[in-house]
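Undergrad: What follows is run04.cif, made up of mmCIF, N, CA and C atoms:
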data_work
loop_
_atom_site.group_PDB
_atom_site.id
_atom_site.type_symbol
_atom_site.label_atom_id
_atom_site.label_comp_id
_atom_site.auth_asym_id
_atom_site.auth_seq_id
_atom_site.Cartn_x
_atom_site.Cartn_y
_atom_site.Cartn_z
ATOM 1 N N MET A 6 -12.498 54.436 6.560
ATOM 2 C CA MET A 6 -13.469 53.790 5.701
ATOM 3 C C MET A 6 -13.038 52.339 5.429
ATOM 4 N N PRO A 7 -13.963 51.376 5.516
ATOM 5 C CA PRO A 7 -13.571 49.974 5.325
ATOM 6 C C PRO A 7 -13.241 49.659 3.869
ATOM 7 N N LYS A 8 -12.480 48.586 3.704
ATOM 8 C CA LYS A 8 -12.122 48.140 2.366
ATOM 9 C C LYS A 8 -13.339 47.517 1.681
ATOM 10 N N GLN A 9 -13.344 47.564 0.357
ATOM 11 C CA GLN A 9 -14.421 46.931 -0.400
ATOM 12 C C GLN A 9 -14.110 45.447 -0.546
ATOM 13 N N LYS A 10 -15.130 44.620 -0.310
ATOM 14 C CA LYS A 10 -14.931 43.177 -0.408
ATOM 15 C C LYS A 10 -15.072 42.699 -1.857
ATOM 16 N N THR A 11 -14.310 41.661 -2.177
ATOM 17 C CA THR A 11 -14.383 41.036 -3.492
ATOM 18 C C THR A 11 -15.680 40.238 -3.596
ATOM 19 N N HIS A 12 -16.337 40.315 -4.737
ATOM 20 C CA HIS A 12 -17.552 39.534 -4.978
ATOM 21 C C HIS A 12 -17.127 38.102 -5.303
ATOM 22 N N LYS A 13 -17.272 37.197 -4.327
ATOM 23 C CA LYS A 13 -16.734 35.839 -4.451
ATOM 24 C C LYS A 13 -17.424 35.026 -5.543
ATOM 25 N N GLY A 14 -18.731 35.228 -5.756
ATOM 26 C CA GLY A 14 -19.438 34.501 -6.799
ATOM 27 C C GLY A 14 -18.929 34.870 -8.181
ATOM 28 N N LEU A 15 -18.665 36.150 -8.386
ATOM 29 C CA LEU A 15 -18.150 36.626 -9.674
ATOM 30 C C LEU A 15 -16.711 36.177 -9.885
ATOM 31 N N LYS A 16 -15.940 36.142 -8.811
ATOM 32 C CA LYS A 16 -14.539 35.735 -8.897
ATOM 33 C C LYS A 16 -14.405 34.307 -9.420
ATOM 34 N N LYS A 17 -15.381 33.442 -9.078
ATOM 35 C CA LYS A 17 -15.354 32.057 -9.529
ATOM 36 C C LYS A 17 -15.773 31.914 -10.986
ATOM 37 N N ARG A 18 -16.446 32.919 -11.553
ATOM 38 C CA ARG A 18 -17.026 32.806 -12.882
ATOM 39 C C ARG A 18 -16.240 33.514 -13.985
ATOM 40 N N VAL A 19 -15.385 34.454 -13.630
ATOM 41 C CA VAL A 19 -14.644 35.208 -14.638
ATOM 42 C C VAL A 19 -13.155 35.190 -14.343
ATOM 43 N N LYS A 20 -12.357 35.557 -15.374
ATOM 44 C CA LYS A 20 -10.911 35.640 -15.233
ATOM 45 C C LYS A 20 -10.445 36.907 -15.927
ATOM 46 N N ILE A 21 -9.557 37.641 -15.300
ATOM 47 C CA ILE A 21 -9.006 38.841 -15.916
ATOM 48 C C ILE A 21 -7.708 38.465 -16.618
ATOM 49 N N THR A 22 -7.623 38.788 -17.911
ATOM 50 C CA THR A 22 -6.450 38.438 -18.711
ATOM 51 C C THR A 22 -5.304 39.398 -18.397
ATOM 52 N N ALA A 23 -4.138 39.104 -18.941
ATOM 53 C CA ALA A 23 -2.959 39.937 -18.702
ATOM 54 C C ALA A 23 -3.132 41.343 -19.260
ATOM 55 N N SER A 24 -3.913 41.473 -20.344
ATOM 56 C CA SER A 24 -4.126 42.798 -20.934
ATOM 57 C C SER A 24 -5.267 43.561 -20.258
ATOM 58 N N GLY A 25 -5.930 42.928 -19.283
ATOM 59 C CA GLY A 25 -6.981 43.619 -18.536
ATOM 60 C C GLY A 25 -8.396 43.335 -19.012
ATOM 61 N N LYS A 26 -8.549 42.468 -20.007
ATOM 62 C CA LYS A 26 -9.892 42.114 -20.471
ATOM 63 C C LYS A 26 -10.479 41.061 -19.531
ATOM 64 N N VAL A 27 -11.815 40.943 -19.549
ATOM 65 C CA VAL A 27 -12.481 39.982 -18.671
ATOM 66 C C VAL A 27 -13.034 38.838 -19.513
ATOM 67 N N LYS A 28 -12.571 37.613 -19.224
ATOM 68 C CA LYS A 28 -13.034 36.423 -19.925
ATOM 69 C C LYS A 28 -14.162 35.784 -19.139
ATOM 70 N N ARG A 29 -15.162 35.268 -19.864
ATOM 71 C CA ARG A 29 -16.293 34.600 -19.219
ATOM 72 C C ARG A 29 -16.684 33.381 -20.036
ATOM 73 N N HIS A 30 -17.507 32.520 -19.432
ATOM 74 C CA HIS A 30 -18.039 31.366 -20.155
ATOM 75 C C HIS A 30 -19.344 31.766 -20.820
ATOM 76 N N ARG A 31 -19.652 31.150 -21.943
ATOM 77 C CA ARG A 31 -20.924 31.404 -22.613
ATOM 78 C C ARG A 31 -22.024 30.593 -21.943
ATOM 79 N N THR A 32 -23.248 31.105 -22.021
ATOM 80 C CA THR A 32 -24.378 30.410 -21.405
ATOM 81 C C THR A 32 -24.939 29.359 -22.351
ATOM 82 N N GLY A 33 -25.700 28.435 -21.800
ATOM 83 C CA GLY A 33 -26.407 27.457 -22.618
ATOM 84 C C GLY A 33 -25.670 26.156 -22.838
ATOM 85 N N ALA A 34 -24.578 25.918 -22.121
ATOM 86 C CA ALA A 34 -23.806 24.701 -22.340
ATOM 87 C C ALA A 34 -23.932 23.722 -21.179
ATOM 88 N N GLY A 35 -24.907 23.927 -20.320
ATOM 89 C CA GLY A 35 -25.034 23.093 -19.129
ATOM 90 C C GLY A 35 -25.624 21.724 -19.393
ATOM 91 N N HIS A 36 -26.675 21.657 -20.187
ATOM 92 C CA HIS A 36 -27.357 20.385 -20.428
ATOM 93 C C HIS A 36 -28.199 20.510 -21.694
ATOM 94 N N LEU A 37 -28.872 19.419 -22.066
ATOM 95 C CA LEU A 37 -29.708 19.350 -23.271
ATOM 96 C C LEU A 37 -28.920 19.687 -24.543
ATOM 97 N N MET A 38 -27.707 19.170 -24.627
ATOM 98 C CA MET A 38 -26.847 19.499 -25.762
ATOM 99 C C MET A 38 -27.238 18.754 -27.042
ATOM 100 N N SER A 39 -27.924 17.626 -26.913
ATOM 101 C CA SER A 39 -28.253 16.835 -28.099
ATOM 102 C C SER A 39 -29.245 17.543 -29.016
ATOM 103 N N SER A 40 -30.052 18.433 -28.452
ATOM 104 C CA SER A 40 -31.032 19.140 -29.275
ATOM 105 C C SER A 40 -30.449 20.375 -29.954
ATOM 106 N N LYS A 41 -29.223 20.735 -29.613
ATOM 107 C CA LYS A 41 -28.576 21.915 -30.207
ATOM 108 C C LYS A 41 -27.690 21.472 -31.367
ATOM 109 N N ASN A 42 -27.647 22.284 -32.427
ATOM 110 C CA ASN A 42 -26.846 21.890 -33.583
ATOM 111 C C ASN A 42 -25.349 22.059 -33.304
ATOM 112 N N ALA A 43 -24.516 21.486 -34.157
ATOM 113 C CA ALA A 43 -23.073 21.423 -33.929
ATOM 114 C C ALA A 43 -22.442 22.801 -33.870
ATOM 115 N N LYS A 44 -22.902 23.701 -34.724
ATOM 116 C CA LYS A 44 -22.351 25.053 -34.746
ATOM 117 C C LYS A 44 -22.590 25.758 -33.398
ATOM 118 N N ARG A 45 -23.802 25.571 -32.878
ATOM 119 C CA ARG A 45 -24.157 26.190 -31.598
ATOM 120 C C ARG A 45 -23.367 25.567 -30.443
ATOM 121 N N ARG A 46 -23.169 24.250 -30.486
ATOM 122 C CA ARG A 46 -22.393 23.566 -29.440
ATOM 123 C C ARG A 46 -20.942 24.030 -29.441
ATOM 124 N N ARG A 47 -20.361 24.218 -30.630
ATOM 125 C CA ARG A 47 -18.989 24.730 -30.723
ATOM 126 C C ARG A 47 -18.893 26.134 -30.157
ATOM 127 N N ARG A 48 -19.884 26.968 -30.487
ATOM 128 C CA ARG A 48 -19.868 28.356 -30.022
ATOM 129 C C ARG A 48 -19.959 28.443 -28.496
ATOM 130 N N VAL A 49 -20.849 27.662 -27.891
ATOM 131 C CA VAL A 49 -21.013 27.755 -26.436
ATOM 132 C C VAL A 49 -19.867 27.108 -25.671
ATOM 133 N N SER A 50 -19.071 26.263 -26.332
ATOM 134 C CA SER A 50 -17.949 25.639 -25.638
ATOM 135 C C SER A 50 -16.764 26.590 -25.491
ATOM 136 N N SER A 51 -16.709 27.634 -26.308
ATOM 137 C CA SER A 51 -15.595 28.575 -26.222
ATOM 138 C C SER A 51 -15.908 29.694 -25.237
ATOM 139 N N SER A 52 -14.877 30.362 -24.765
ATOM 140 C CA SER A 52 -15.075 31.479 -23.847
ATOM 141 C C SER A 52 -15.268 32.774 -24.629
ATOM 142 N N ALA A 53 -15.732 33.809 -23.939
ATOM 143 C CA ALA A 53 -16.004 35.092 -24.590
ATOM 144 C C ALA A 53 -15.381 36.215 -23.764
ATOM 145 N N ILE A 54 -15.189 37.358 -24.405
ATOM 146 C CA ILE A 54 -14.668 38.543 -23.740
ATOM 147 C C ILE A 54 -15.841 39.482 -23.460
ATOM 148 N N MET A 55 -15.903 40.024 -22.248
ATOM 149 C CA MET A 55 -16.983 40.953 -21.892
ATOM 150 C C MET A 55 -16.793 42.290 -22.588
ATOM 151 N N ASN A 56 -17.907 42.992 -22.822
ATOM 152 C CA ASN A 56 -17.807 44.314 -23.440
ATOM 153 C C ASN A 56 -17.303 45.338 -22.419
ATOM 154 N N SER A 57 -16.966 46.541 -22.884
ATOM 155 C CA SER A 57 -16.288 47.525 -22.033
ATOM 156 C C SER A 57 -17.155 48.016 -20.878
ATOM 157 N N THR A 58 -18.459 48.147 -21.092
ATOM 158 C CA THR A 58 -19.355 48.629 -20.043
ATOM 159 C C THR A 58 -19.424 47.624 -18.895
ATOM 160 N N THR A 59 -19.585 46.366 -19.231
ATOM 161 C CA THR A 59 -19.668 45.322 -18.213
ATOM 162 C C THR A 59 -18.319 45.116 -17.536
ATOM 163 N N THR A 60 -17.236 45.308 -18.283
ATOM 164 C CA THR A 60 -15.897 45.148 -17.731
ATOM 165 C C THR A 60 -15.651 46.122 -16.592
ATOM 166 N N LYS A 61 -16.112 47.355 -16.732
ATOM 167 C CA LYS A 61 -15.922 48.358 -15.677
ATOM 168 C C LYS A 61 -16.563 47.921 -14.373
ATOM 169 N N THR A 62 -17.829 47.519 -14.425
ATOM 170 C CA THR A 62 -18.538 47.129 -13.211
ATOM 171 C C THR A 62 -17.981 45.828 -12.637
ATOM 172 N N THR A 63 -17.527 44.937 -13.520
ATOM 173 C CA THR A 63 -16.934 43.677 -13.065
ATOM 174 C C THR A 63 -15.650 43.931 -12.297
ATOM 175 N N LYS A 64 -14.800 44.806 -12.799
ATOM 176 C CA LYS A 64 -13.539 45.090 -12.124
ATOM 177 C C LYS A 64 -13.781 45.782 -10.784
ATOM 178 N N ILE A 65 -14.807 46.605 -10.696
ATOM 179 C CA ILE A 65 -15.156 47.235 -9.417
ATOM 180 C C ILE A 65 -15.565 46.168 -8.406
ATOM 181 N N ALA A 66 -16.403 45.210 -8.847
ATOM 182 C CA ALA A 66 -16.870 44.138 -7.965
ATOM 183 C C ALA A 66 -15.726 43.211 -7.536
ATOM 184 N N LEU A 67 -14.707 43.083 -8.401
ATOM 185 C CA LEU A 67 -13.560 42.221 -8.094
ATOM 186 C C LEU A 67 -12.432 42.981 -7.392
ATOM 187 N N CYS A 68 -12.626 44.280 -7.182
ATOM 188 C CA CYS A 68 -11.615 45.136 -6.526
ATOM 189 C C CYS A 68 -10.302 45.140 -7.307
ATOM 190 N N LYS A 69 -10.392 45.278 -8.628
ATOM 191 C CA LYS A 69 -9.202 45.310 -9.492
ATOM 192 C C LYS A 69 -9.033 46.682 -10.109
#
Here is a file; write its structure as structure tokens.

TA:
Amino acid sequence: MPKQKTHKGLKKRVKITASGKVKRHRTGAGHLMSSKNAKRRRRVSSSAIMNSTTTKTTKIALCK
């Protein structure tokens, strides 16, 4: 049976931490930042941790 390939698009977008959690970037920080308030801009600039359900499928796609 062949090996499962790593999902290259996902590999560029997420990082697996040392404890096994999956870090991702928040959406909405690409452009049009002047119309968003300061609290929202601060929130989207930080990274987030994926929930457990999404983490399972992400690790399968990344072959981890």

Undergrad: Pick from A:His12, A:Lys26, A:Arg31, A:Lys69: nearest to Val49 (chain A), with all atoms listed in the file counted?

TA: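 So, comparing all the options, the nearest one is A:Arg31.
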
Undergrad: Do you know which residues are at most 7 Å from Ser51 (chain A) counting only N, CA and C atoms, after dropping those on the same chain fewer than 4 positions away, and could you put them as a JSON list (two decimals) with N, CA and C atoms, keeping the file's coordinate frame?

TA:
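Dumped everything to selection_9.json:
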[["chain", "number", "residue", "atom", "x", "y", "z"],
["A", 29, "ARG", "N", -15.16, 35.27, -19.86],
["A", 29, "ARG", "CA", -16.29, 34.60, -19.22],
["A", 29, "ARG", "C", -16.68, 33.38, -20.04],
["A", 30, "HIS", "N", -17.51, 32.52, -19.43],
["A", 30, "HIS", "CA", -18.04, 31.37, -20.16],
["A", 30, "HIS", "C", -19.34, 31.77, -20.82],
["A", 31, "ARG", "N", -19.65, 31.15, -21.94],
["A", 31, "ARG", "CA", -20.92, 31.40, -22.61],
["A", 31, "ARG", "C", -22.02, 30.59, -21.94],
["A", 46, "ARG", "N", -23.17, 24.25, -30.49],
["A", 46, "ARG", "CA", -22.39, 23.57, -29.44],
["A", 46, "ARG", "C", -20.94, 24.03, -29.44],
["A", 47, "ARG", "N", -20.36, 24.22, -30.63],
["A", 47, "ARG", "CA", -18.99, 24.73, -30.72],
["A", 47, "ARG", "C", -18.89, 26.13, -30.16]]

Undergrad: Ranking A:Gly14, A:Pro7, A:Gly33, A:Gly25 by minimum distance to Arg45 (chain A) and counting only C-alpha atoms, which one comes first?

TA: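 Among A:Gly14, A:Pro7, A:Gly33, A:Gly25, it is A:Gly33 that comes nearest to Arg45 (chain A).
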
Undergrad: Can you measure CA of Leu15 (chain A) to CA of Lys64 (chain A) for me? One decimal in Å is fine.

TA: 9.9 Å

Undergrad: Write out as an MDAnalysis selection string all residues of region 13-69 of chain A that backbone DSSP assigns to strand (DSSP E).

TA: chainID A and resid 19:21 27:30 52:54

Undergrad: Can you tell me how far CA of Lys44 (chain A) sits from CA of Arg18 (chain A), in Å to one decimal?

TA: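 Atom-to-atom, CA of Lys44 (chain A) to CA of Arg18 (chain A), that is 23.8 Å.
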
Undergrad: So what do you get for CA of Ile54 (chain A) versus atom N of Ala23 (chain A), distance-wise?

TA: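 Rounded to one decimal, the two atoms are 11.6 Å apart.
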
Undergrad: Padding 5 Å on each side, edges along x, y and z: where is the centre of the box around the listed atoms of region 44-62 of chain A, and how long are its edges in Å to one decimal? Output it as JSON.

TA:
{"center_x": -19.4, "center_y": 36.1, "center_z": -23.7, "size_x": 19.5, "size_y": 35.1, "size_z": 32.1}

Undergrad: With only C-alpha atoms as the atoms that count, which of A:Arg48, A:Lys61, A:Lys13, A:Lys41 lies nearest to Val27 (chain A)?

TA: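 Between A:Arg48, A:Lys61, A:Lys13, A:Lys41, the residue approaching Val27 (chain A) most closely is A:Lys61.
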
Undergrad: Run DSSP on the backbone and grab whatever in region 33-63 of chain A lands in helix (DSSP H, G or I); send it over as a short mmCIF file (atom, residue, chain, number, x, y, z; two decimals) with N, CA and C atoms, keeping the file's coordinate frame.

TA:
data_model
loop_
_atom_site.label_atom_id
_atom_site.label_comp_id
_atom_site.auth_asym_id
_atom_site.auth_seq_id
_atom_site.Cartn_x
_atom_site.Cartn_y
_atom_site.Cartn_z
N MET A 38 -27.71 19.17 -24.63
CA MET A 38 -26.85 19.50 -25.76
C MET A 38 -27.24 18.75 -27.04
N SER A 39 -27.92 17.63 -26.91
CA SER A 39 -28.25 16.84 -28.10
C SER A 39 -29.24 17.54 -29.02
N SER A 40 -30.05 18.43 -28.45
CA SER A 40 -31.03 19.14 -29.28
C SER A 40 -30.45 20.38 -29.95
N ALA A 43 -24.52 21.49 -34.16
CA ALA A 43 -23.07 21.42 -33.93
C ALA A 43 -22.44 22.80 -33.87
N LYS A 44 -22.90 23.70 -34.72
CA LYS A 44 -22.35 25.05 -34.75
C LYS A 44 -22.59 25.76 -33.40
N ARG A 45 -23.80 25.57 -32.88
CA ARG A 45 -24.16 26.19 -31.60
C ARG A 45 -23.37 25.57 -30.44
N ARG A 46 -23.17 24.25 -30.49
CA ARG A 46 -22.39 23.57 -29.44
C ARG A 46 -20.94 24.03 -29.44
N ARG A 47 -20.36 24.22 -30.63
CA ARG A 47 -18.99 24.73 -30.72
C ARG A 47 -18.89 26.13 -30.16
N ARG A 48 -19.88 26.97 -30.49
CA ARG A 48 -19.87 28.36 -30.02
C ARG A 48 -19.96 28.44 -28.50
N VAL A 49 -20.85 27.66 -27.89
CA VAL A 49 -21.01 27.76 -26.44
C VAL A 49 -19.87 27.11 -25.67
N SER A 50 -19.07 26.26 -26.33
CA SER A 50 -17.95 25.64 -25.64
C SER A 50 -16.76 26.59 -25.49
N SER A 57 -16.97 46.54 -22.88
CA SER A 57 -16.29 47.52 -22.03
C SER A 57 -17.16 48.02 -20.88
N THR A 58 -18.46 48.15 -21.09
CA THR A 58 -19.36 48.63 -20.04
C THR A 58 -19.42 47.62 -18.90
N THR A 59 -19.58 46.37 -19.23
CA THR A 59 -19.67 45.32 -18.21
C THR A 59 -18.32 45.12 -17.54
N THR A 60 -17.24 45.31 -18.28
CA THR A 60 -15.90 45.15 -17.73
C THR A 60 -15.65 46.12 -16.59
N LYS A 61 -16.11 47.36 -16.73
CA LYS A 61 -15.92 48.36 -15.68
C LYS A 61 -16.56 47.92 -14.37
N THR A 62 -17.83 47.52 -14.42
CA THR A 62 -18.54 47.13 -13.21
C THR A 62 -17.98 45.83 -12.64
N THR A 63 -17.53 44.94 -13.52
CA THR A 63 -16.93 43.68 -13.06
C THR A 63 -15.65 43.93 -12.30
#

Undergrad: Let me make sure I understand: among A:Ala34, A:Met6, A:Thr11, A:Ser40, which one has the smallest atom-to-atom distance to Ile65 (chain A) if we use only N, CA and C atoms?

TA: A:Thr11
